[in-house]
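Undergrad: I'm passing along structure31.cif; it holds mmCIF, C-alpha atoms.
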```
data_coords
loop_
_atom_site.group_PDB
_atom_site.id
_atom_site.type_symbol
_atom_site.label_atom_id
_atom_site.label_comp_id
_atom_site.auth_asym_id
_atom_site.auth_seq_id
_atom_site.Cartn_x
_atom_site.Cartn_y
_atom_site.Cartn_z
ATOM 1 C CA MET A 1 22.119 -5.675 5.635
ATOM 2 C CA GLU A 2 23.151 -7.876 2.742
ATOM 3 C CA ASP A 3 25.735 -7.013 0.068
ATOM 4 C CA ARG A 4 24.161 -6.279 -3.293
ATOM 5 C CA LYS A 5 25.229 -5.571 -6.851
ATOM 6 C CA LEU A 6 23.729 -3.065 -9.258
ATOM 7 C CA LYS A 7 21.293 -5.619 -10.718
ATOM 8 C CA HIS A 8 19.866 -6.240 -7.243
ATOM 9 C CA TYR A 9 19.143 -2.540 -6.779
ATOM 10 C CA ILE A 10 17.475 -2.425 -10.191
ATOM 11 C CA PHE A 11 15.102 -5.168 -9.002
ATOM 12 C CA ILE A 12 14.487 -3.240 -5.765
ATOM 13 C CA THR A 13 13.644 -0.162 -7.847
ATOM 14 C CA LEU A 14 11.171 -2.252 -9.868
ATOM 15 C CA LYS A 15 9.601 -3.459 -6.620
ATOM 16 C CA GLY A 16 9.376 0.169 -5.523
ATOM 17 C CA MET A 17 7.586 0.962 -8.786
ATOM 18 C CA ALA A 18 5.096 -1.827 -8.067
ATOM 19 C CA MET A 19 4.531 -0.400 -4.574
ATOM 20 C CA GLY A 20 4.007 3.045 -6.072
ATOM 21 C CA ILE A 21 1.418 1.728 -8.539
ATOM 22 C CA ALA A 22 -0.427 -0.027 -5.710
ATOM 23 C CA GLU A 23 -0.525 3.158 -3.643
ATOM 24 C CA LEU A 24 -2.169 5.048 -6.509
ATOM 25 C CA VAL A 25 -5.210 2.764 -6.296
ATOM 26 C CA PRO A 26 -7.645 3.254 -3.389
ATOM 27 C CA GLY A 27 -8.007 -0.170 -1.773
ATOM 28 C CA VAL A 28 -4.607 -1.651 -2.705
ATOM 29 C CA SER A 29 -1.665 -1.412 -0.302
ATOM 30 C CA GLY A 30 1.964 -0.898 -1.212
ATOM 31 C CA GLY A 31 2.750 -2.834 1.954
ATOM 32 C CA THR A 32 1.115 -5.894 0.402
ATOM 33 C CA ILE A 33 3.442 -5.659 -2.608
ATOM 34 C CA ALA A 34 6.460 -5.206 -0.332
ATOM 35 C CA PHE A 35 5.496 -8.330 1.607
ATOM 36 C CA VAL A 36 4.908 -10.474 -1.474
ATOM 37 C CA THR A 37 8.171 -9.372 -3.113
ATOM 38 C CA GLY A 38 10.127 -10.335 -0.005
ATOM 39 C CA ILE A 39 11.327 -6.898 1.132
ATOM 40 C CA TYR A 40 8.752 -6.023 3.804
ATOM 41 C CA GLU A 41 10.750 -6.708 6.962
ATOM 42 C CA GLU A 42 13.896 -5.127 5.513
ATOM 43 C CA PHE A 43 11.779 -2.110 4.566
ATOM 44 C CA ILE A 44 10.459 -1.743 8.127
ATOM 45 C CA THR A 45 13.884 -2.370 9.679
ATOM 46 C CA SER A 46 15.562 0.193 7.407
ATOM 47 C CA ILE A 47 12.987 2.859 8.231
ATOM 48 C CA ASN A 48 13.409 2.036 11.909
ATOM 49 C CA ASN A 49 17.137 2.789 11.540
ATOM 50 C CA VAL A 50 16.374 6.445 10.806
ATOM 51 C CA ASN A 51 16.953 7.702 14.352
ATOM 52 C CA LEU A 52 19.308 9.710 16.566
ATOM 53 C CA LYS A 53 21.495 6.657 17.194
ATOM 54 C CA THR A 54 22.179 6.350 13.467
ATOM 55 C CA LEU A 55 22.955 10.067 13.251
ATOM 56 C CA LYS A 56 25.477 9.534 16.045
ATOM 57 C CA VAL A 57 27.216 6.986 13.813
ATOM 58 C CA LEU A 58 27.521 9.705 11.149
ATOM 59 C CA LYS A 59 29.241 11.993 13.632
ATOM 60 C CA GLU A 60 31.563 9.415 15.178
ATOM 61 C CA GLU A 61 32.334 6.937 12.361
ATOM 62 C CA GLY A 62 31.747 8.881 9.155
ATOM 63 C CA PHE A 63 29.341 8.841 6.249
ATOM 64 C CA LYS A 64 30.175 5.341 4.942
ATOM 65 C CA GLN A 65 29.311 3.605 8.222
ATOM 66 C CA PHE A 66 26.245 5.829 8.606
ATOM 67 C CA TRP A 67 24.991 4.921 5.106
ATOM 68 C CA GLN A 68 25.509 1.200 5.746
ATOM 69 C CA LYS A 69 23.715 1.417 9.093
ATOM 70 C CA LEU A 70 20.857 3.249 7.404
ATOM 71 C CA ASN A 71 20.764 0.710 4.534
ATOM 72 C CA GLY A 72 20.708 3.813 2.379
ATOM 73 C CA ASN A 73 21.159 2.160 -1.024
ATOM 74 C CA PHE A 74 18.089 -0.005 -0.413
ATOM 75 C CA LEU A 75 15.930 2.919 0.725
ATOM 76 C CA VAL A 76 17.013 5.155 -2.153
ATOM 77 C CA ALA A 77 16.405 2.425 -4.775
ATOM 78 C CA LEU A 78 12.957 1.743 -3.316
ATOM 79 C CA LEU A 79 12.045 5.436 -3.080
ATOM 80 C CA VAL A 80 13.207 6.124 -6.643
ATOM 81 C CA GLY A 81 10.980 3.304 -7.916
ATOM 82 C CA MET A 82 7.962 4.592 -6.005
ATOM 83 C CA MET A 83 8.495 8.150 -7.228
ATOM 84 C CA ILE A 84 8.838 6.968 -10.852
ATOM 85 C CA SER A 85 5.435 5.274 -10.622
ATOM 86 C CA ILE A 86 3.703 8.063 -8.749
ATOM 87 C CA PHE A 87 4.841 10.845 -11.071
ATOM 88 C CA SER A 88 4.723 8.959 -14.378
ATOM 89 C CA LEU A 89 1.729 6.669 -13.928
ATOM 90 C CA SER A 90 -0.719 8.680 -11.808
ATOM 91 C CA LYS A 91 -2.548 9.921 -14.923
ATOM 92 C CA VAL A 92 -2.602 6.411 -16.430
ATOM 93 C CA ILE A 93 -4.085 4.876 -13.264
ATOM 94 C CA ALA A 94 -6.629 7.709 -12.987
ATOM 95 C CA TRP A 95 -7.594 7.162 -16.654
ATOM 96 C CA LEU A 96 -7.984 3.387 -16.203
ATOM 97 C CA LEU A 97 -10.157 3.824 -13.120
ATOM 98 C CA GLU A 98 -12.273 6.387 -14.969
ATOM 99 C CA GLU A 99 -12.584 4.730 -18.401
ATOM 100 C CA HIS A 100 -12.213 0.999 -17.618
ATOM 101 C CA PRO A 101 -13.159 0.630 -13.948
ATOM 102 C CA ILE A 102 -14.472 -2.956 -13.932
ATOM 103 C CA PRO A 103 -11.430 -4.741 -15.488
ATOM 104 C CA THR A 104 -9.069 -2.488 -13.517
ATOM 105 C CA TRP A 105 -10.731 -3.184 -10.171
ATOM 106 C CA ALA A 106 -10.992 -6.893 -11.093
ATOM 107 C CA PHE A 107 -7.232 -7.037 -11.728
ATOM 108 C CA PHE A 108 -6.498 -5.568 -8.307
ATOM 109 C CA PHE A 109 -9.153 -7.770 -6.675
ATOM 110 C CA GLY A 110 -7.361 -10.871 -7.995
ATOM 111 C CA LEU A 111 -3.998 -9.492 -6.916
ATOM 112 C CA VAL A 112 -5.138 -8.707 -3.362
ATOM 113 C CA PHE A 113 -7.026 -12.009 -3.005
ATOM 114 C CA ALA A 114 -3.858 -13.921 -3.911
ATOM 115 C CA SER A 115 -1.995 -11.826 -1.335
ATOM 116 C CA VAL A 116 -4.305 -13.185 1.390
ATOM 117 C CA ILE A 117 -3.138 -16.715 0.554
ATOM 118 C CA PHE A 118 0.495 -15.662 0.329
ATOM 119 C CA VAL A 119 0.620 -13.868 3.697
ATOM 120 C CA ALA A 120 -1.411 -16.612 5.416
ATOM 121 C CA LYS A 121 1.179 -19.178 4.244
ATOM 122 C CA SER A 122 3.864 -17.208 6.087
ATOM 123 C CA ILE A 123 2.287 -17.932 9.479
ATOM 124 C CA ASN A 124 4.122 -20.799 11.199
ATOM 125 C CA LYS A 125 1.340 -21.821 13.570
ATOM 126 C CA TRP A 126 -2.389 -21.109 13.383
ATOM 127 C CA ASN A 127 -3.344 -21.193 17.071
ATOM 128 C CA PHE A 128 -6.366 -19.660 18.832
ATOM 129 C CA LEU A 129 -4.694 -16.232 19.119
ATOM 130 C CA ALA A 130 -3.775 -16.176 15.429
ATOM 131 C CA ILE A 131 -7.319 -17.123 14.384
ATOM 132 C CA PHE A 132 -8.813 -14.521 16.740
ATOM 133 C CA LEU A 133 -6.531 -11.763 15.428
ATOM 134 C CA PHE A 134 -7.255 -12.819 11.846
ATOM 135 C CA ILE A 135 -10.990 -12.357 12.517
ATOM 136 C CA VAL A 136 -10.373 -9.022 14.252
ATOM 137 C CA GLY A 137 -8.224 -7.820 11.338
ATOM 138 C CA THR A 138 -10.816 -8.894 8.775
ATOM 139 C CA ALA A 139 -13.697 -7.234 10.640
ATOM 140 C CA SER A 140 -11.709 -4.039 11.237
ATOM 141 C CA ALA A 141 -10.670 -3.632 7.605
ATOM 142 C CA PHE A 142 -14.190 -4.451 6.376
ATOM 143 C CA PHE A 143 -15.640 -1.827 8.744
ATOM 144 C CA ILE A 144 -13.151 0.800 7.564
ATOM 145 C CA THR A 145 -14.139 0.177 3.935
ATOM 146 C CA THR A 146 -17.795 0.855 4.767
ATOM 147 C CA LEU A 147 -17.119 4.278 6.280
ATOM 148 C CA PRO A 148 -18.427 7.241 4.239
ATOM 149 C CA PRO A 149 -15.792 9.501 2.638
ATOM 150 C CA SER A 150 -15.049 12.791 4.332
ATOM 151 C CA THR A 151 -15.222 16.193 2.663
ATOM 152 C CA SER A 152 -12.123 17.962 3.939
ATOM 153 C CA SER A 153 -11.168 21.564 3.242
ATOM 154 C CA GLY A 154 -7.853 20.573 1.710
ATOM 155 C CA SER A 155 -5.966 22.967 4.001
ATOM 156 C CA LEU A 156 -2.218 22.401 4.394
ATOM 157 C CA PRO A 157 -2.418 21.343 8.105
ATOM 158 C CA PHE A 158 -5.062 18.778 7.158
ATOM 159 C CA ILE A 159 -2.916 17.575 4.242
ATOM 160 C CA PHE A 160 -0.010 17.099 6.688
ATOM 161 C CA ILE A 161 -2.197 14.995 9.015
ATOM 162 C CA SER A 162 -3.562 13.052 6.035
ATOM 163 C CA GLY A 163 -0.022 12.223 4.927
ATOM 164 C CA ALA A 164 0.942 10.986 8.400
ATOM 165 C CA ILE A 165 -2.121 8.731 8.680
ATOM 166 C CA ALA A 166 -2.027 7.466 5.103
ATOM 167 C CA ILE A 167 1.640 6.460 5.263
ATOM 168 C CA CYS A 168 0.908 4.317 8.326
ATOM 169 C CA ALA A 169 -1.737 2.548 6.252
ATOM 170 C CA MET A 170 0.682 2.201 3.330
ATOM 171 C CA VAL A 171 3.165 0.117 5.301
ATOM 172 C CA LEU A 172 0.409 -2.203 6.534
ATOM 173 C CA PRO A 173 -0.376 -4.982 4.033
ATOM 174 C CA GLY A 174 -4.075 -4.801 3.226
ATOM 175 C CA ILE A 175 -4.698 -1.268 4.428
ATOM 176 C CA SER A 176 -4.482 1.125 1.508
ATOM 177 C CA GLY A 177 -2.975 4.554 2.035
ATOM 178 C CA SER A 178 -4.933 5.831 -0.964
ATOM 179 C CA PHE A 179 -8.193 4.576 0.510
ATOM 180 C CA ILE A 180 -7.433 6.278 3.824
ATOM 181 C CA LEU A 181 -6.962 9.473 1.830
ATOM 182 C CA VAL A 182 -10.370 8.874 0.236
ATOM 183 C CA LEU A 183 -11.929 8.480 3.691
ATOM 184 C CA LEU A 184 -10.223 11.661 4.853
ATOM 185 C CA GLY A 185 -11.322 13.511 1.734
ATOM 186 C CA SER A 186 -7.772 14.248 0.589
ATOM 187 C CA TYR A 187 -7.264 11.716 -2.222
ATOM 188 C CA LYS A 188 -8.255 13.897 -5.174
ATOM 189 C CA THR A 189 -6.486 16.904 -3.684
ATOM 190 C CA VAL A 190 -3.198 14.993 -3.475
ATOM 191 C CA LEU A 191 -3.598 13.236 -6.853
ATOM 192 C CA GLU A 192 -4.398 16.515 -8.609
ATOM 193 C CA ALA A 193 -1.445 18.160 -6.857
ATOM 194 C CA VAL A 194 0.860 15.448 -8.238
ATOM 195 C CA ASN A 195 -0.582 15.811 -11.738
ATOM 196 C CA ASP A 196 -0.461 19.643 -11.641
ATOM 197 C CA LYS A 197 2.924 19.823 -9.813
ATOM 198 C CA GLU A 198 1.507 21.889 -6.913
ATOM 199 C CA LEU A 199 4.663 21.860 -4.814
ATOM 200 C CA SER A 200 3.170 23.309 -1.608
ATOM 201 C CA ILE A 201 0.662 20.469 -1.279
ATOM 202 C CA ILE A 202 3.194 17.814 -2.368
ATOM 203 C CA ALA A 203 5.799 19.068 0.144
ATOM 204 C CA THR A 204 3.281 19.284 3.008
ATOM 205 C CA PHE A 205 1.987 15.793 2.322
ATOM 206 C CA THR A 206 5.566 14.457 2.091
ATOM 207 C CA PHE A 207 6.566 15.968 5.451
ATOM 208 C CA GLY A 208 3.464 14.475 7.049
ATOM 209 C CA ALA A 209 4.230 11.088 5.509
ATOM 210 C CA VAL A 210 7.835 11.127 6.766
ATOM 211 C CA PHE A 211 6.650 12.030 10.263
ATOM 212 C CA GLY A 212 4.072 9.220 10.317
ATOM 213 C CA LEU A 213 6.427 6.671 8.779
ATOM 214 C CA LEU A 214 9.257 7.209 11.259
ATOM 215 C CA SER A 215 6.825 6.960 14.168
ATOM 216 C CA PHE A 216 4.901 3.887 13.021
ATOM 217 C CA ALA A 217 7.880 1.833 11.800
ATOM 218 C CA ARG A 218 9.105 1.398 15.372
ATOM 219 C CA ILE A 219 5.822 -0.155 16.434
ATOM 220 C CA LEU A 220 5.808 -2.554 13.480
ATOM 221 C CA LYS A 221 9.428 -3.550 14.023
ATOM 222 C CA TRP A 222 8.687 -4.394 17.662
ATOM 223 C CA MET A 223 5.600 -6.422 16.667
ATOM 224 C CA PHE A 224 7.507 -8.460 14.068
ATOM 225 C CA THR A 225 10.378 -9.082 16.465
ATOM 226 C CA ASN A 226 8.235 -10.222 19.406
ATOM 227 C CA TYR A 227 4.930 -11.466 17.946
ATOM 228 C CA LYS A 228 5.539 -12.342 14.303
ATOM 229 C CA ASP A 229 2.776 -14.940 13.809
ATOM 230 C CA ALA A 230 0.198 -12.799 15.610
ATOM 231 C CA THR A 231 1.212 -9.779 13.536
ATOM 232 C CA LEU A 232 0.981 -11.752 10.286
ATOM 233 C CA ALA A 233 -2.443 -13.092 11.305
ATOM 234 C CA ILE A 234 -3.931 -9.650 11.820
ATOM 235 C CA LEU A 235 -2.304 -8.403 8.594
ATOM 236 C CA THR A 236 -3.848 -11.333 6.704
ATOM 237 C CA GLY A 237 -7.210 -10.266 8.090
ATOM 238 C CA PHE A 238 -6.591 -6.682 7.016
ATOM 239 C CA ILE A 239 -5.943 -7.813 3.451
ATOM 240 C CA LEU A 240 -9.039 -10.048 3.351
ATOM 241 C CA GLY A 241 -11.306 -7.352 4.791
ATOM 242 C CA SER A 242 -10.024 -4.783 2.300
ATOM 243 C CA LEU A 243 -11.440 -6.822 -0.616
ATOM 244 C CA ASN A 244 -14.812 -5.222 0.109
ATOM 245 C CA LYS A 245 -13.463 -1.899 -1.138
ATOM 246 C CA ILE A 246 -12.148 -3.152 -4.482
ATOM 247 C CA TRP A 247 -15.091 -5.299 -5.614
ATOM 248 C CA PRO A 248 -15.441 -4.381 -9.320
ATOM 249 C CA TRP A 249 -19.230 -4.013 -9.563
ATOM 250 C CA LYS A 250 -20.721 -1.098 -7.690
ATOM 251 C CA ASN A 251 -23.921 0.898 -7.668
ATOM 252 C CA VAL A 252 -23.462 4.641 -7.181
ATOM 253 C CA ILE A 253 -25.769 5.861 -4.423
ATOM 254 C CA GLU A 254 -24.738 9.493 -4.272
ATOM 255 C CA ILE A 255 -22.222 11.915 -5.794
ATOM 256 C CA ILE A 256 -21.231 14.870 -3.651
ATOM 257 C CA GLN A 257 -19.735 17.762 -5.600
ATOM 258 C CA ILE A 258 -17.308 20.062 -3.802
ATOM 259 C CA GLY A 259 -15.899 22.613 -6.219
ATOM 260 C CA LYS A 260 -14.118 20.564 -8.879
ATOM 261 C CA LYS A 261 -14.019 17.468 -6.686
ATOM 262 C CA GLU A 262 -16.502 14.598 -6.625
ATOM 263 C CA ILE A 263 -17.009 12.341 -3.614
ATOM 264 C CA ILE A 264 -18.698 9.115 -4.740
ATOM 265 C CA ILE A 265 -20.694 6.989 -2.293
ATOM 266 C CA ASP A 266 -21.464 3.517 -3.648
ATOM 267 C CA GLU A 267 -22.345 -0.062 -2.693
ATOM 268 C CA ASN A 268 -21.212 -3.479 -3.946
ATOM 269 C CA ILE A 269 -23.626 -5.402 -6.152
ATOM 270 C CA SER A 270 -23.677 -8.660 -8.116
ATOM 271 C CA PRO A 271 -22.306 -8.413 -11.672
ATOM 272 C CA TYR A 272 -25.700 -9.674 -12.862
ATOM 273 C CA ALA A 273 -27.429 -6.763 -11.120
ATOM 274 C CA PHE A 274 -25.081 -4.240 -12.739
ATOM 275 C CA THR A 275 -26.768 -1.768 -15.068
ATOM 276 C CA GLY A 276 -25.121 -1.825 -18.500
ATOM 277 C CA ASP A 277 -22.261 -4.022 -19.705
ATOM 278 C CA ASN A 278 -20.889 -5.929 -16.705
ATOM 279 C CA GLN A 279 -17.770 -6.935 -18.709
ATOM 280 C CA LEU A 280 -17.758 -10.207 -16.772
ATOM 281 C CA THR A 281 -15.427 -12.070 -19.133
ATOM 282 C CA PHE A 282 -12.860 -9.258 -19.170
ATOM 283 C CA ALA A 283 -13.138 -8.962 -15.397
ATOM 284 C CA ILE A 284 -12.499 -12.679 -14.837
ATOM 285 C CA VAL A 285 -9.452 -12.610 -17.140
ATOM 286 C CA ALA A 286 -8.109 -9.487 -15.414
ATOM 287 C CA ALA A 287 -8.644 -11.051 -11.975
ATOM 288 C CA ILE A 288 -6.794 -14.216 -13.035
ATOM 289 C CA ILE A 289 -3.894 -12.110 -14.321
ATOM 290 C CA GLY A 290 -3.760 -10.188 -11.042
ATOM 291 C CA PHE A 291 -3.979 -13.412 -9.017
ATOM 292 C CA SER A 292 -1.197 -15.044 -11.054
ATOM 293 C CA LEU A 293 1.036 -11.977 -10.797
ATOM 294 C CA ILE A 294 1.370 -12.391 -7.025
ATOM 295 C CA PHE A 295 2.779 -15.905 -7.381
ATOM 296 C CA ILE A 296 5.099 -14.757 -10.164
ATOM 297 C CA LEU A 297 6.375 -12.057 -7.809
ATOM 298 C CA GLU A 298 6.705 -14.659 -5.039
ATOM 299 C CA LYS A 299 8.863 -16.910 -7.233
ATOM 300 C CA SER A 300 11.040 -14.030 -8.395
ATOM 301 C CA ALA A 301 11.559 -12.971 -4.761
ATOM 302 C CA SER A 302 12.475 -16.509 -3.684
ATOM 303 C CA LYS A 303 15.056 -16.804 -6.471
ATOM 304 C CA LYS A 304 16.836 -13.641 -5.388
#
```
Have the structure of the file written as structure tokens, please.

TA:
Amino acid sequence: MEDRKLKHYIFITLKGMAMGIAELVPGVSGGTIAFVTGIYEEFITSINNVNLKTLKVLKEEGFKQFWQKLNGNFLVALLVGMMISIFSLSKVIAWLLEEHPIPTWAFFFGLVFASVIFVAKSINKWNFLAIFLFIVGTASAFFITTLPPSTSSGSLPFIFISGAIAICAMVLPGISGSFILVLLGSYKTVLEAVNDKELSIIATFTFGAVFGLLSFARILKWMFTNYKDATLAILTGFILGSLNKIWPWKNVIEIIQIGKKEIIIDENISPYAFTGDNQLTFAIVAAIIGFSLIFILEKSASKK
């Protein structure tokens, strides 16, 4: 891994914060932010280095060689940034989604739409296989976003499984870990646990996430090493298909109440069919800001 100074790790921490913010929003993937900011493959490679072979380096060559092999400074800087966002901004994101949903969703819609263009540009050759996988990725992600939310019990074993599945989604650009939690019925349980500092739920979810991450990173690393264009094509499709979930204007079909939790089932509608103030002007401005932010991030990553 490359040599870095303190200022580089500060930027990595900021990128981690951006990933953390994305993961707080159902429908937006932290993996997308990692890809756009130029750290995605290093992120996957570093996670893939957490294995028995690396532990053997610790035993035989000492901590310094082990830490370098692990790319520990990078992982710690990224994790610190994500944790800062998750613990400090979870209430802010929840408030924005509750009080100003249309501009908030529009901002993320613009951001994710720009990500489709960005990831697609990374593909060297658009052949038949790439186009086919792009279509498969788009259809798969669109189908996932149409699935009805589950109403889980919130038990600790289920929270562990939810963490393992959601973290796999997090590292895939376009597939939102938060949205997977919504589908599984665990999103509000985990978000409330973070806000209320319920350590048993937070710890269980974290252990599940670590388990899922270490398992899935190996698959992704192999795919990028052997079939990079094909992998990027299907990821581009995932991002495009996920736009269905974050369309700003929705009509609520049903609200299922389970204790203190609400499961909302809705459908996308035209802004002109929206009942009440559609906030179209604010939404367009927010979408443009989100769209522009991706290319600002791209330029900052390329200058690094």

Undergrad: Would you compute the distance between CA of Thr45 (chain A) and CA of Asn226 (chain A)? Give it in Å to one decimal.

TA: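 Separation of CA of Thr45 (chain A) and CA of Asn226 (chain A): 13.7 Å.
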
Undergrad: On this file, the PyMOL selection byres ((chain A and resi 251) around 7) gives some set of residues; write that set as a PyMOL selection string.

TA: chain A and resi 250+252-253+266-269

Undergrad: Give me the residues near region 10-24 of chain A as a list in words, where near means some atom within 8 Å (using only C-alpha atoms) and where sequence neighbours in that chain fewer than 2 positions away do not count.

TA: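 Close residues of region 10-24 of chain A: Leu6, Lys7, His8, Pro26, Val28, Ser29, Gly30, Gly31, Ile33, Ala34, Thr37, Phe74, Ala77, Leu78, Leu79, Val80, Gly81, Met82, Met83, Ile84, Ser85, Ile86, Leu89, Ser90, Ile93, Met170, Ser176, Gly177 and Ser178 of chain A.
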
Undergrad: Which residues are close to Glu41 (chain A), i.e. within 10 Å by only C-alpha atoms, leaving aside same-chain residues fewer than 4 positions away? Reply as a ChimeraX atom specification.

TA: /A:34-35,45-47,220-221,224-225

Undergrad: Any chance you could work out the axis-aligned box around region 4-8 of chain A, listed atoms only, 6 Å on each side, giving centre and edge lengths in Å to one decimal, as lines of an AutoDock Vina configuration file?

TA:
```
center_x = 22.5
center_y = -4.7
center_z = -7.0
size_x = 17.4
size_y = 15.2
size_z = 19.4
```
